[in-house]
2 protein chains.
Amino acid sequence: MPAADARARRMEERRQRILDAARATAEDGGWASVTSRRLADAIGYSQPVLYGHFPGGKTEIMRTVALAGFAELTAATRAAASGRAGRPAVTAVAAAYLDFAAAHPALYEAMFQLPLDVHFASDDSEAELRAGFDALASVLGDDGGGAVTEAFWSALHGMSLLERAGRMRPEHRPARVAEVAARFSG
Amino acid sequence: MPAADARARRMEERRQRILDAARATAEDGGWASVTSRRLADAIGYSQPVLYGHFPGGKTEIMRTVALAGFAELTAATRAAASGRAGRPAVTAVAAAYLDFAAAHPALYEAMFQLPLDVHFASDDSEAELRAGFDALASVLGDDGGGAVTEAFWSALHGMSLLERAGRMRPEHRPARVAEVAARFSG
DNA sequence: CCCCTTTTCTAGCATTGCTAGATTATCTAG
DNA sequence: CTAGATAATCTAGCAATGCTAGAAAAGGGG
């Protein structure tokens, strides 16, 4: 039955359109402006269609967007580290991480801020998170219990948020990166 | 006119009751559960009364709560540092900071997460923030441009949030504190 | 061509933040 | 002590939100 096949493809395509619209709207006006009505309008369907794809509603949509974000951030981290080692690698990774968060604020928000109470239970997300963590650990050469990586990640995460909140002087960004790199390499 | 005086006192008292109720409700069920109706109910008045005290609505209430939080966090930081110096001081401050964030999650959320778009424009908040920053700087002995303090603060802030989001293993907490303290003292 | 299943929409509920206008309490002046 | 003005408070409602049940439309199989 090729009909079912075409149907599945259309479904998948529409699902992706929902995610794209959500992400674009969020980057444009924050997640608060991502409403079910606006989203339905953007894809040319009515609201209940959204719930056919994402029974969990807005929360599930955000979580799905966030999951893609983790993959992208991990890729950006790996790209920054490749071909480098030691302190230059740490510096490049730190800068890449902060750039990523600054370039996609709504995406980063979905990844860390909004679903505070939602635990990432699925295997996919667990694996995606671990991959990102491991990428940081390998740059640091952290083969211990992971506490160093946790501390490094904390610094990057906190810096991203504080920069975004306007509580760090933008012109000090290179100095901050240098400080973190110096303290976490070697 | 002593009547006006008594009136002002009642007003101030009620204002504080609003803030206390907001904070208690938030710590109990998150800021999403702090609704104007529930808040009005908690203080025994109707909703418009809230707007008499806080014209900015829920946002202004949260900001006021957050302001008190900054004062408390600064005090906790200073207390942890007092009588200590060098790495023990940094360790104590880091632990105190994380303890504070963990003990008052909703308060900490109001301080940093929710009013992301709201800039702290008032002089009060500006001064309060600077005081907290300076407390950290003095522990680190940062008399430079402040980049070291910014990096240290970033690490503490990020660690608080990641711990709360369940993305750091709780049993590694002491190891993380030790890592941060080792890297940011001296 | 008709029927049955699946898809889609319309319409609505409960809740939210917030506000205008009516209502009640409080104080002042005679 | 009372009438009138002022201040405080409430009732009722608006627009927007997330989400959903039941009606309507579309589609495929006989």
# chains A, B, ... in the order shown; residues from 1 in each chain; ligands from 1

call {"tool": "interface_residues", "arguments": {"of": "chain B", "to": "chain A", "cutoff": "6 Å", "atoms": "only C-alpha atoms", "output": "VMD selection string"}}
result
chain B and resid 116 147 151 154 to 155 157 to 159 165 175 to 176 183

call {"tool": "interface_residues", "arguments": {"of": "chain A", "to": "chain D", "cutoff": "9 Å", "atoms": "only C-alpha atoms (C1' of nucleotides)", "output": "list in words"}}
result
Thr35, Ser36, Pro48, Tyr51, Gly57 and Lys58 of chain A

call {"tool": "interface_residues", "arguments": {"of": "chain C", "to": "chain B", "cutoff": "10 Å", "atoms": "only C-alpha atoms (C1' of nucleotides)", "output": "PyMOL selection string"}}
result
chain C and resi 15-19+27

call {"tool": "residues_around", "arguments": {"residues": "Ala81 in chain A", "least_positions_apart": "2", "cutoff": "12 Å", "atoms": "only C-alpha atoms (C1' of nucleotides)", "output": "mmCIF file with C-alpha atoms, in the first residue's frame"}}
result
data_model
loop_
_atom_site.group_PDB
_atom_site.id
_atom_site.type_symbol
_atom_site.label_atom_id
_atom_site.label_comp_id
_atom_site.auth_asym_id
_atom_site.auth_seq_id
_atom_site.Cartn_x
_atom_site.Cartn_y
_atom_site.Cartn_z
ATOM 1 C CA THR A 74 27.743 19.041 20.271
ATOM 2 C CA ALA A 75 28.653 19.333 16.609
ATOM 3 C CA ALA A 76 29.797 22.919 17.083
ATOM 4 C CA THR A 77 31.910 21.863 20.052
ATOM 5 C CA ARG A 78 33.532 19.026 18.155
ATOM 6 C CA ALA A 79 34.220 21.240 15.163
ATOM 7 C CA GLY A 83 42.726 19.936 14.839
ATOM 8 C CA ARG A 84 43.597 21.584 18.132
ATOM 9 C CA ALA A 85 44.838 20.411 21.494
ATOM 10 C CA GLY A 86 45.621 21.788 24.900
ATOM 11 C CA ARG A 87 44.797 25.337 25.737
ATOM 12 C CA PRO A 88 44.024 26.436 22.168
ATOM 13 C CA ALA A 89 41.455 23.667 21.976
ATOM 14 C CA VAL A 90 39.853 24.686 25.251
ATOM 15 C CA THR A 91 39.783 28.307 24.169
ATOM 16 C CA ALA A 92 38.201 27.473 20.848
ATOM 17 C CA VAL A 93 35.588 25.265 22.441
ATOM 18 C CA ALA A 94 34.682 27.880 25.013
ATOM 19 C CA ALA A 95 34.322 30.547 22.354
ATOM 20 C CA ALA A 96 32.263 28.230 20.160
ATOM 21 C CA TYR A 97 29.965 27.356 23.022
ATOM 22 C CA ALA A 135 32.901 16.126 23.772
ATOM 23 C CA LEU A 136 33.766 18.628 26.487
ATOM 24 C CA ALA A 137 35.500 15.996 28.587
ATOM 25 C CA SER A 138 37.757 14.888 25.757
ATOM 26 C CA VAL A 139 38.877 18.453 25.117
ATOM 27 C CA LEU A 140 39.804 18.840 28.744
ATOM 28 C CA GLY A 141 41.462 15.469 28.894
#
